[in-house]
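One file, query.cif, carrying mmCIF, C-alpha atoms and all ligand atoms:
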data_start
#
loop_
_atom_site.label_atom_id
_atom_site.label_comp_id
_atom_site.auth_asym_id
_atom_site.auth_seq_id
_atom_site.Cartn_x
_atom_site.Cartn_y
_atom_site.Cartn_z
CA MET A 1 5.94 11.47 32.94
CA ARG A 2 2.85 9.86 34.49
CA LEU A 3 -0.67 10.24 33.17
CA GLU A 4 -1.84 12.12 36.27
CA ASP A 5 0.96 14.68 35.84
CA ILE A 6 -0.18 15.61 32.35
CA LYS A 7 -2.03 18.92 32.47
CA LYS A 8 -0.81 20.87 29.49
CA ILE A 9 -0.58 19.76 25.84
CA GLY A 10 1.48 21.58 23.23
CA VAL A 11 0.46 21.18 19.58
CA ALA A 12 2.90 22.34 16.90
CA GLY A 13 1.39 23.10 13.52
CA ALA A 14 -2.12 24.56 13.25
CA GLY A 15 -3.11 22.85 10.00
CA THR A 16 -5.67 20.17 9.18
CA MET A 17 -4.36 17.79 11.82
CA GLY A 18 -3.09 20.15 14.54
CA ALA A 19 -6.42 22.01 14.77
CA GLY A 20 -8.45 18.81 15.30
CA ILE A 21 -5.92 17.36 17.75
CA ALA A 22 -5.96 20.56 19.85
CA GLN A 23 -9.75 20.57 19.76
CA ILE A 24 -10.07 17.04 21.17
CA PHE A 25 -7.68 17.70 24.08
CA ALA A 26 -9.40 21.02 24.86
CA ILE A 27 -12.86 19.41 24.95
CA LYS A 28 -11.44 16.88 27.39
CA GLY A 29 -10.37 19.72 29.66
CA TYR A 30 -6.64 19.89 29.01
CA ASP A 31 -4.82 23.20 28.75
CA VAL A 32 -3.68 23.37 25.16
CA VAL A 33 -1.18 25.64 23.46
CA VAL A 34 -1.08 25.66 19.65
CA THR A 35 1.85 27.15 17.73
CA ASP A 36 2.51 27.89 14.09
CA ILE A 37 4.94 30.02 12.12
CA ALA A 38 2.49 32.86 11.33
CA GLU A 39 -0.74 34.34 12.69
CA LYS A 40 -2.65 33.53 9.48
CA PHE A 41 -2.19 29.79 10.13
CA LEU A 42 -3.44 30.20 13.69
CA ASP A 43 -6.49 32.10 12.40
CA ASN A 44 -7.12 29.25 9.99
CA ALA A 45 -7.00 26.73 12.85
CA LYS A 46 -9.57 28.80 14.78
CA LYS A 47 -11.84 28.61 11.73
CA ILE A 48 -11.34 24.83 11.37
CA ILE A 49 -12.17 24.31 15.05
CA ALA A 50 -15.30 26.49 14.79
CA ILE A 51 -16.50 24.51 11.75
CA ASN A 52 -15.74 21.17 13.47
CA ASN A 53 -17.55 22.34 16.59
CA SER A 54 -20.68 23.39 14.74
CA SER A 55 -20.92 20.08 12.87
CA LEU A 56 -20.31 18.08 16.09
CA ILE A 57 -23.10 20.09 17.80
CA GLU A 58 -25.41 19.67 14.79
CA GLU A 59 -24.77 15.91 14.88
CA ASN A 60 -25.58 15.89 18.59
CA ILE A 61 -22.13 14.57 19.47
CA ILE A 62 -21.01 17.48 21.67
CA SER A 63 -22.87 20.20 23.53
CA GLU A 64 -22.50 23.99 23.25
CA ALA A 65 -20.68 23.80 26.60
CA ASP A 66 -18.14 21.35 25.18
CA ALA A 67 -17.55 23.68 22.26
CA GLU A 68 -17.01 26.58 24.69
CA LYS A 69 -14.14 24.63 26.23
CA THR A 70 -12.21 24.80 22.99
CA ILE A 71 -12.29 28.60 23.26
CA GLU A 72 -11.44 28.66 26.96
CA ASN A 73 -8.73 25.98 26.91
CA ILE A 74 -6.74 26.68 23.75
CA PHE A 75 -4.07 29.38 23.63
CA PHE A 76 -2.73 30.23 20.15
CA THR A 77 0.74 31.70 19.63
CA THR A 78 3.62 31.93 17.17
CA ASP A 79 6.12 31.66 20.05
CA THR A 80 7.49 28.10 20.48
CA LYS A 81 8.66 29.11 23.98
CA ALA A 82 5.05 28.64 25.05
CA PHE A 83 5.91 24.92 25.15
CA ALA A 84 8.23 25.52 28.15
CA ASP A 85 5.70 24.11 30.65
CA ALA A 86 3.92 21.60 28.37
CA ASP A 87 3.84 18.00 29.58
CA VAL A 88 3.23 16.46 26.16
CA ILE A 89 4.20 18.13 22.88
CA ILE A 90 2.58 16.83 19.68
CA GLU A 91 4.13 17.90 16.41
CA ALA A 92 1.91 18.14 13.31
CA ILE A 93 4.08 20.34 11.07
CA ILE A 94 5.08 19.81 7.45
CA GLU A 95 5.99 16.21 6.46
CA LYS A 96 9.69 16.86 5.74
CA MET A 97 12.39 14.94 7.57
CA ASP A 98 15.04 17.69 7.87
CA ILE A 99 12.48 20.28 9.02
CA LYS A 100 11.05 17.92 11.65
CA GLN A 101 14.55 16.98 12.90
CA ASP A 102 15.60 20.63 13.32
CA TYR A 103 12.25 21.49 14.83
CA TRP A 104 12.57 18.88 17.59
CA LYS A 105 16.13 19.98 18.36
CA GLU A 106 14.79 23.51 18.91
CA VAL A 107 11.93 22.21 21.07
CA GLU A 108 14.26 20.15 23.26
CA GLU A 109 16.11 23.32 24.24
CA ILE A 110 12.85 24.87 25.45
CA ALA A 111 10.81 21.97 26.85
CA LYS A 112 10.72 20.45 30.34
CA GLU A 113 13.20 17.59 30.88
CA ASP A 114 10.45 15.00 31.30
CA ALA A 115 7.95 16.21 28.68
CA ILE A 116 6.83 13.55 26.19
CA PHE A 117 7.60 14.36 22.56
CA ALA A 118 5.19 12.89 19.99
CA THR A 119 5.20 13.25 16.22
CA ASN A 120 2.08 12.88 14.08
CA THR A 121 4.11 11.93 10.99
CA SER A 122 2.16 9.97 8.39
CA GLY A 123 4.99 7.62 7.64
CA LEU A 124 8.49 9.01 8.24
CA SER A 125 10.76 6.99 10.52
CA ILE A 126 10.25 7.90 14.19
CA THR A 127 13.85 6.91 14.92
CA GLU A 128 15.15 9.28 12.21
CA ILE A 129 12.94 12.22 13.18
CA CYS A 130 14.43 12.32 16.70
CA LYS A 131 18.03 11.89 15.52
CA LYS A 132 19.13 15.35 16.64
CA ILE A 133 17.69 15.30 20.17
CA ASN A 134 19.51 14.00 23.25
CA ASN A 135 16.77 12.18 25.16
CA LYS A 136 15.35 9.77 22.58
CA GLY A 137 13.61 7.63 25.20
CA ARG A 138 10.82 10.21 25.51
CA PHE A 139 10.24 10.39 21.76
CA VAL A 140 7.32 8.50 20.21
CA GLY A 141 5.02 8.43 17.18
CA MET A 142 1.38 9.43 17.66
CA HIS A 143 -0.48 8.96 14.39
CA TRP A 144 -3.97 10.42 14.27
CA TRP A 145 -6.28 9.83 11.31
CA ASN A 146 -7.91 12.54 9.24
CA PRO A 147 -10.42 14.01 10.19
CA PRO A 148 -8.86 13.82 13.69
CA HIS A 149 -11.94 15.16 15.49
CA ILE A 150 -13.97 12.18 14.20
CA ILE A 151 -11.82 9.07 13.66
CA PRO A 152 -11.15 7.25 16.95
CA LEU A 153 -7.93 5.38 16.04
CA ILE A 154 -4.52 6.63 17.20
CA GLU A 155 -1.41 4.58 16.38
CA VAL A 156 1.32 4.88 19.04
CA ILE A 157 4.64 4.04 17.42
CA ARG A 158 7.73 2.90 19.25
CA GLY A 159 10.99 4.26 17.79
CA GLU A 160 14.17 2.22 18.25
CA GLU A 161 15.04 4.12 21.44
CA THR A 162 11.59 4.96 22.80
CA ASN A 163 11.29 3.75 26.39
CA ASP A 164 8.38 1.71 27.78
CA GLU A 165 7.23 4.45 30.12
CA THR A 166 6.72 6.85 27.21
CA VAL A 167 4.67 4.30 25.24
CA ASP A 168 2.61 3.29 28.30
CA THR A 169 1.85 6.87 29.33
CA LEU A 170 0.86 7.87 25.81
CA VAL A 171 -1.44 4.85 25.49
CA GLU A 172 -3.10 5.85 28.77
CA LEU A 173 -3.46 9.41 27.55
CA VAL A 174 -5.13 8.25 24.33
CA LYS A 175 -7.59 6.21 26.39
CA LYS A 176 -8.22 9.19 28.66
CA ILE A 177 -9.37 11.30 25.69
CA ASP A 178 -11.50 8.33 24.57
CA ARG A 179 -9.68 7.54 21.42
CA GLU A 180 -8.64 4.01 20.54
CA PRO A 181 -4.88 3.33 20.89
CA VAL A 182 -2.95 0.63 19.04
CA VAL A 183 0.77 0.12 19.64
CA VAL A 184 3.09 -0.28 16.67
CA GLN A 185 5.99 -2.19 18.20
CA LYS A 186 8.44 -1.65 15.35
CA ASP A 187 9.21 1.58 13.55
CA ALA A 188 7.97 0.22 10.20
CA ASN A 189 6.92 2.44 7.28
CA GLY A 190 3.14 2.92 7.09
CA PHE A 191 2.65 1.62 10.65
CA ILE A 192 -0.48 -0.60 10.68
CA GLY A 193 -3.21 1.41 9.04
CA ASN A 194 -1.38 2.70 5.99
CA ARG A 195 0.23 -0.68 5.29
CA ILE A 196 -3.23 -2.23 5.08
CA GLN A 197 -4.78 0.77 3.30
CA PHE A 198 -2.12 0.71 0.58
CA ALA A 199 -2.28 -3.07 0.16
CA ILE A 200 -5.99 -2.59 -0.56
CA PHE A 201 -5.34 0.38 -2.86
CA ARG A 202 -2.74 -1.58 -4.84
CA GLU A 203 -5.13 -4.47 -5.42
CA ALA A 204 -8.06 -2.13 -6.18
CA LEU A 205 -5.98 -0.51 -8.95
CA ASN A 206 -4.89 -3.94 -10.18
CA ILE A 207 -8.51 -5.13 -10.44
CA VAL A 208 -9.46 -2.10 -12.54
CA GLU A 209 -6.32 -2.22 -14.71
CA GLN A 210 -6.88 -5.89 -15.47
CA GLY A 211 -10.47 -5.17 -16.50
CA ILE A 212 -11.89 -7.37 -13.73
CA ALA A 213 -14.24 -4.60 -12.54
CA THR A 214 -14.88 -0.87 -12.81
CA VAL A 215 -13.75 1.81 -10.35
CA GLU A 216 -17.40 2.28 -9.30
CA ASP A 217 -17.95 -1.42 -8.64
CA VAL A 218 -14.69 -1.76 -6.65
CA ASP A 219 -15.81 1.13 -4.45
CA ARG A 220 -19.24 -0.43 -4.04
CA ALA A 221 -17.73 -3.84 -3.19
CA MET A 222 -15.73 -2.19 -0.41
CA LYS A 223 -18.59 -0.12 1.01
CA TYR A 224 -21.30 -2.78 0.98
CA GLY A 225 -19.11 -5.82 1.71
CA LEU A 226 -15.66 -5.46 3.20
CA GLY A 227 -15.98 -1.96 4.64
CA PHE A 228 -19.35 -2.84 6.16
CA ARG A 229 -17.73 -5.81 7.88
CA TYR A 230 -14.50 -4.05 8.86
CA ALA A 231 -16.36 -1.25 10.64
CA SER A 232 -17.23 -3.91 13.26
CA ILE A 233 -14.66 -6.73 13.07
CA GLY A 234 -11.01 -6.89 11.98
CA PRO A 235 -9.33 -9.29 9.52
CA PHE A 236 -8.32 -11.83 12.19
CA GLU A 237 -11.76 -11.85 13.78
CA THR A 238 -13.23 -12.25 10.29
CA ALA A 239 -10.96 -15.23 9.60
CA ASP A 240 -11.79 -16.89 12.93
CA LEU A 241 -15.49 -16.47 12.28
CA GLY A 242 -15.17 -17.70 8.70
CA GLY A 243 -12.96 -20.70 9.52
CA LEU A 244 -9.17 -20.71 9.24
CA ASP A 245 -9.13 -23.80 7.00
CA THR A 246 -11.22 -21.94 4.44
CA PHE A 247 -9.00 -18.86 4.70
CA TYR A 248 -5.95 -21.11 4.33
CA TYR A 249 -7.27 -22.80 1.14
CA ILE A 250 -8.26 -19.47 -0.41
CA SER A 251 -4.81 -17.98 0.42
CA SER A 252 -3.10 -20.94 -1.24
CA TYR A 253 -4.63 -20.29 -4.68
CA LEU A 254 -5.43 -16.56 -4.51
CA TRP A 255 -2.29 -14.89 -3.20
CA GLU A 256 -0.27 -15.77 -6.27
CA GLU A 257 -2.85 -13.90 -8.38
CA LEU A 258 -2.73 -10.68 -6.37
CA SER A 259 -0.63 -7.70 -7.28
CA ASP A 260 2.80 -7.49 -5.67
CA ALA A 261 3.76 -4.38 -7.70
CA LYS A 262 6.67 -2.45 -6.24
CA GLU A 263 5.89 0.83 -8.05
CA PRO A 264 2.74 2.99 -8.20
CA SER A 265 0.57 1.66 -11.05
CA GLU A 266 0.35 3.14 -14.60
CA MET A 267 -3.24 4.22 -14.05
CA LEU A 268 -2.36 6.19 -10.94
CA LYS A 269 0.76 7.66 -12.53
CA THR A 270 -1.20 8.87 -15.60
CA LEU A 271 -3.83 10.55 -13.43
CA VAL A 272 -1.17 12.32 -11.39
CA ASP A 273 0.88 13.30 -14.47
CA ASN A 274 -2.25 14.95 -15.90
CA ASN A 275 -2.87 16.84 -12.67
CA ASN A 276 -6.04 14.85 -12.00
CA LEU A 277 -5.47 14.78 -8.25
CA GLY A 278 -9.02 14.16 -7.07
CA VAL A 279 -11.33 16.58 -5.29
CA LYS A 280 -8.71 19.32 -5.04
CA THR A 281 -8.36 19.64 -8.85
CA GLY A 282 -11.95 18.72 -9.75
CA LYS A 283 -11.07 15.33 -11.28
CA GLY A 284 -9.53 12.06 -10.14
CA PHE A 285 -11.08 8.61 -10.51
CA TYR A 286 -14.40 10.54 -10.59
CA ASP A 287 -15.33 14.05 -11.82
CA TYR A 288 -16.12 16.83 -9.34
CA PRO A 289 -17.42 19.84 -11.32
CA ASP A 290 -19.00 22.93 -9.66
CA GLY A 291 -18.71 22.29 -5.93
CA LYS A 292 -19.23 18.51 -6.21
CA GLY A 293 -15.96 17.97 -4.32
CA GLU A 294 -17.20 19.92 -1.31
CA GLU A 295 -20.45 17.97 -1.42
CA ALA A 296 -18.48 14.70 -1.48
CA MET A 297 -16.53 15.77 1.61
CA LYS A 298 -19.73 16.74 3.44
CA ARG A 299 -21.33 13.39 2.53
CA ARG A 300 -18.20 11.61 3.79
CA ASP A 301 -18.27 13.45 7.13
CA LYS A 302 -22.01 12.77 7.57
CA ALA A 303 -21.42 9.06 6.97
CA PHE A 304 -18.47 9.09 9.41
CA TYR A 305 -20.60 10.78 12.08
CA LYS A 306 -23.25 8.11 11.62
CA THR A 307 -20.68 5.33 12.10
CA LEU A 308 -19.21 7.16 15.10
CA ARG A 309 -22.64 7.41 16.70
CA GLU A 310 -23.73 3.89 15.88
CA LEU A 311 -20.53 1.99 16.60
CA HIS A 312 -18.12 4.06 18.67
CA MET A 313 -20.19 6.68 20.41
CA LYS A 314 -20.67 4.74 23.61
CA THR A 315 -17.05 5.08 24.64
CA LEU A 316 -16.82 8.62 23.34
CA LYS A 317 -20.08 9.74 24.91
CA ASP A 318 -19.25 8.19 28.29
CA ASP A 319 -16.40 10.51 28.83
CA LEU A 320 -15.08 12.81 26.16
CA PHE A 321 -18.33 14.12 24.77
CA SER A 322 -20.59 13.91 27.78
N1 LIG B 1 -3.61 15.46 6.48
C1 LIG B 1 -3.66 14.17 6.76
O1 LIG B 1 -4.51 13.43 6.26
C2 LIG B 1 -2.72 13.60 7.78
C3 LIG B 1 -3.09 12.43 8.48
C4 LIG B 1 -2.21 11.92 9.46
C5 LIG B 1 -0.99 12.56 9.67
N2 LIG B 1 -0.66 13.69 8.96
C6 LIG B 1 0.64 14.32 9.26
O2 LIG B 1 0.42 15.42 10.15
C7 LIG B 1 1.37 16.46 9.88
C8 LIG B 1 0.64 17.73 9.52
O3 LIG B 1 -0.20 17.49 8.42
P1 LIG B 1 -1.37 18.48 8.01
O4 LIG B 1 -2.16 17.80 6.97
O5 LIG B 1 -2.04 19.02 9.24
O6 LIG B 1 -0.52 19.66 7.33
P2 LIG B 1 -0.94 21.17 7.08
O7 LIG B 1 -0.11 21.65 5.95
O8 LIG B 1 -2.42 21.32 7.02
O9 LIG B 1 -0.45 21.91 8.42
C9 LIG B 1 0.88 21.98 8.80
C10 LIG B 1 1.06 23.27 9.58
O10 LIG B 1 2.36 23.26 10.16
C11 LIG B 1 2.85 24.58 10.12
N3 LIG B 1 4.31 24.59 10.30
C12 LIG B 1 5.27 24.33 9.40
N4 LIG B 1 6.49 24.47 9.98
C13 LIG B 1 6.27 24.79 11.28
C14 LIG B 1 7.11 25.06 12.38
N5 LIG B 1 8.44 25.00 12.28
N6 LIG B 1 6.53 25.36 13.58
C15 LIG B 1 5.18 25.39 13.72
N7 LIG B 1 4.34 25.16 12.69
C16 LIG B 1 4.88 24.87 11.48
C17 LIG B 1 2.38 25.10 8.76
O11 LIG B 1 2.42 26.53 8.71
C18 LIG B 1 0.97 24.53 8.69
O12 LIG B 1 0.01 25.41 9.24
C19 LIG B 1 2.28 15.91 8.76
O13 LIG B 1 3.38 15.29 9.34
C20 LIG B 1 1.36 14.91 8.07
O14 LIG B 1 2.09 13.94 7.35
C21 LIG B 1 -1.50 14.22 8.05
#
Would you give me this structure, written as structure tokens?
Ligand SMILES: NC(=O)c1ccc[n+]([C@@H]2O[C@H](COP(=O)([O-])OP(=O)(O)OC[C@H]3O[C@@H](n4cnc5c(N)ncnc54)[C@H](O)[C@@H]3O)[C@@H](O)[C@H]2O)c1
Amino acid sequence: MRLEDIKKIGVAGAGTMGAGIAQIFAIKGYDVVVTDIAEKFLDNAKKIIAINNSSLIEENIISEADAEKTIENIFFTTDTKAFADADVIIEAIIEKMDIKQDYWKEVEEIAKEDAIFATNTSGLSITEICKKINNKGRFVGMHWWNPPHIIPLIEVIRGEETNDETVDTLVELVKKIDREPVVVQKDANGFIGNRIQFAIFREALNIVEQGIATVEDVDRAMKYGLGFRYASIGPFETADLGGLDTFYYISSYLWEELSDAKEPSEMLKTLVDNNNLGVKTGKGFYDYPDGKGEEAMKRRDKAFYKTLRELHMKTLKDDLFS
């Protein structure tokens, strides 16, 4: 499949991720078909897209005309056969290995011979997910980040049998919709982003558990120091700018102090055991009484929009959102 032959995108699963993924392709002008197992999930996706659209318009990121395209270009159905003429099929269904494996087997019986198959799994093995299909060369990971209508990064993950053409075409497609592709060359758990995110999370917990700093101060240290820097430059650029000798000396005394825990920490386990799951239960590391959780999510999205506009908008505006 070549980039110029891609006209129609199938999105399986109309949840948090599927809705945003469909929205981005539709704004870009692709024909999109979204499937789910029941109408109520499709209705929910329509609502998510409408909410996303109104906040993108309010933030002056897309126009009313762009939003119209999501209505014109997306077809919603519970019939998987609608994928028969799709050129790329992106699966964003439940994160369960056996369900994904059976799902792809079913899709292979329906889809075009040369359609690209991409899974949005958060961390399951790409090689395992495609175990039951015949043509594994066309199967690839395509990991979007939540909220998918805002965050530019998409990780493209090569399974053991994924062929080069599939990876190359998908990378081109990601560029075409003005997202930022990175290629994960090995089918490793957590890909790039979640490996780094969870290394940070492990050490953040360790700092608090050892009494080195409070939860609030760890969050502030990230936002005003590291996060501020990482929104513009990555860890290797940071090291080059700081001086590799300095980074080498610091590594040689600091790494032995850092957590290398192999299990989730006590603090995290206790919170989860007590059903303190964060915003969704009203309490996690912080308290969220009376609608505070919703407020926190709105504040997060506003801050993300600001970063998108300030740092990434040029590429997005040039094409996708113009
Ligand atoms: N939520 C995140 O932050 C996030 C981020 C990146 C990747 N992901 C991954 O994306 C995928 C979807 O996650 P989500 O958060 O959107 O889940 P979700 O629960 O919001 O949505 C999943 C949807 O898939 C539907 N579904 C289940 N079986 C199906 C089938 N056989 N055919 C069609 N639809 C089916 C469900 O009805 C549901 O509407 C998962 O693999 C998840 O790990 C999630």
Compute the set of protein, DNA and RNA residues whose minimum atom distance to ligand LIG 1 (chain B) is at most 9 Å, using all atoms listed in the file, and state it as a PyMOL selection string. chain A and resi 11-20+34-38+40-42+44-45+78-80+91-96+99-100+102-103+119-124+142-148
Fill in: Shell of 12 Å around stretch 278-294 of chain A, only C-alpha atoms, local chain residues under 5 positions omitted, as a list in words
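What passes the distance filter is Ala204, Leu205, Val208, Thr214, Val215, Glu216, Val218, Asp219, Met267, Leu268, Lys269, Thr270, Leu271, Val272, Asp273, Arg299, Arg300 and Asp301 of chain A.
Among the candidate residues A:Asn206, A:Pro152, A:Ile27, A:Ala82, the one lying nearest to A:Ser63 is A:Ile27, with distances computed using all atoms listed in the file.
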- Which residue gives the smallest distance to A:Lys175 among A:Lys8, A:Glu155, A:Arg309, A:Asn73, with only C-alpha atoms counted?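 Ranking A:Lys8, A:Glu155, A:Arg309, A:Asn73 by distance to A:Lys175, first place goes to A:Glu155.
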key: Of the listed residues A:Arg220, A:Lys132, A:His312, A:Lys112, that which approaches A:Met1 most closely, counting only C-alpha atoms   =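 The answer is A:Lys112, which sits nearest to A:Met1.
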Expressed in Å, the length from atom CA of A:Arg202 to atom CA of A:Glu266 is 11.3 Å
Please check which residues have atoms at most 12 Å from (-17.0, 22.6, 21.3) in the file's coordinates, counting only C-alpha atoms, and write them as a ChimeraX atom specification.
/A:20,22-29,46,48-58,60-74,149,320-322
With distances taken over all atoms listed in the file, the candidate from A:Lys176, A:Glu113, A:Phe83, A:Ala221 nearest A:Ile9 is A:Phe83
Across A:Ala261, A:Met97, A:Leu153, A:Ala115, the smallest distance to A:Lys131, with all atoms listed in the file counted, is shown by A:Met97
A straight line from atom CA of A:Thr238 to atom CA of A:Gly193 spans 17.0 Å
Using atom CA of A:Ile157 and atom CA of A:Asp5 as the two end points, give the distance in Å to one decimal.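 Atom CA of A:Asp5 lies at a distance of 21.6 Å from atom CA of A:Ile157.
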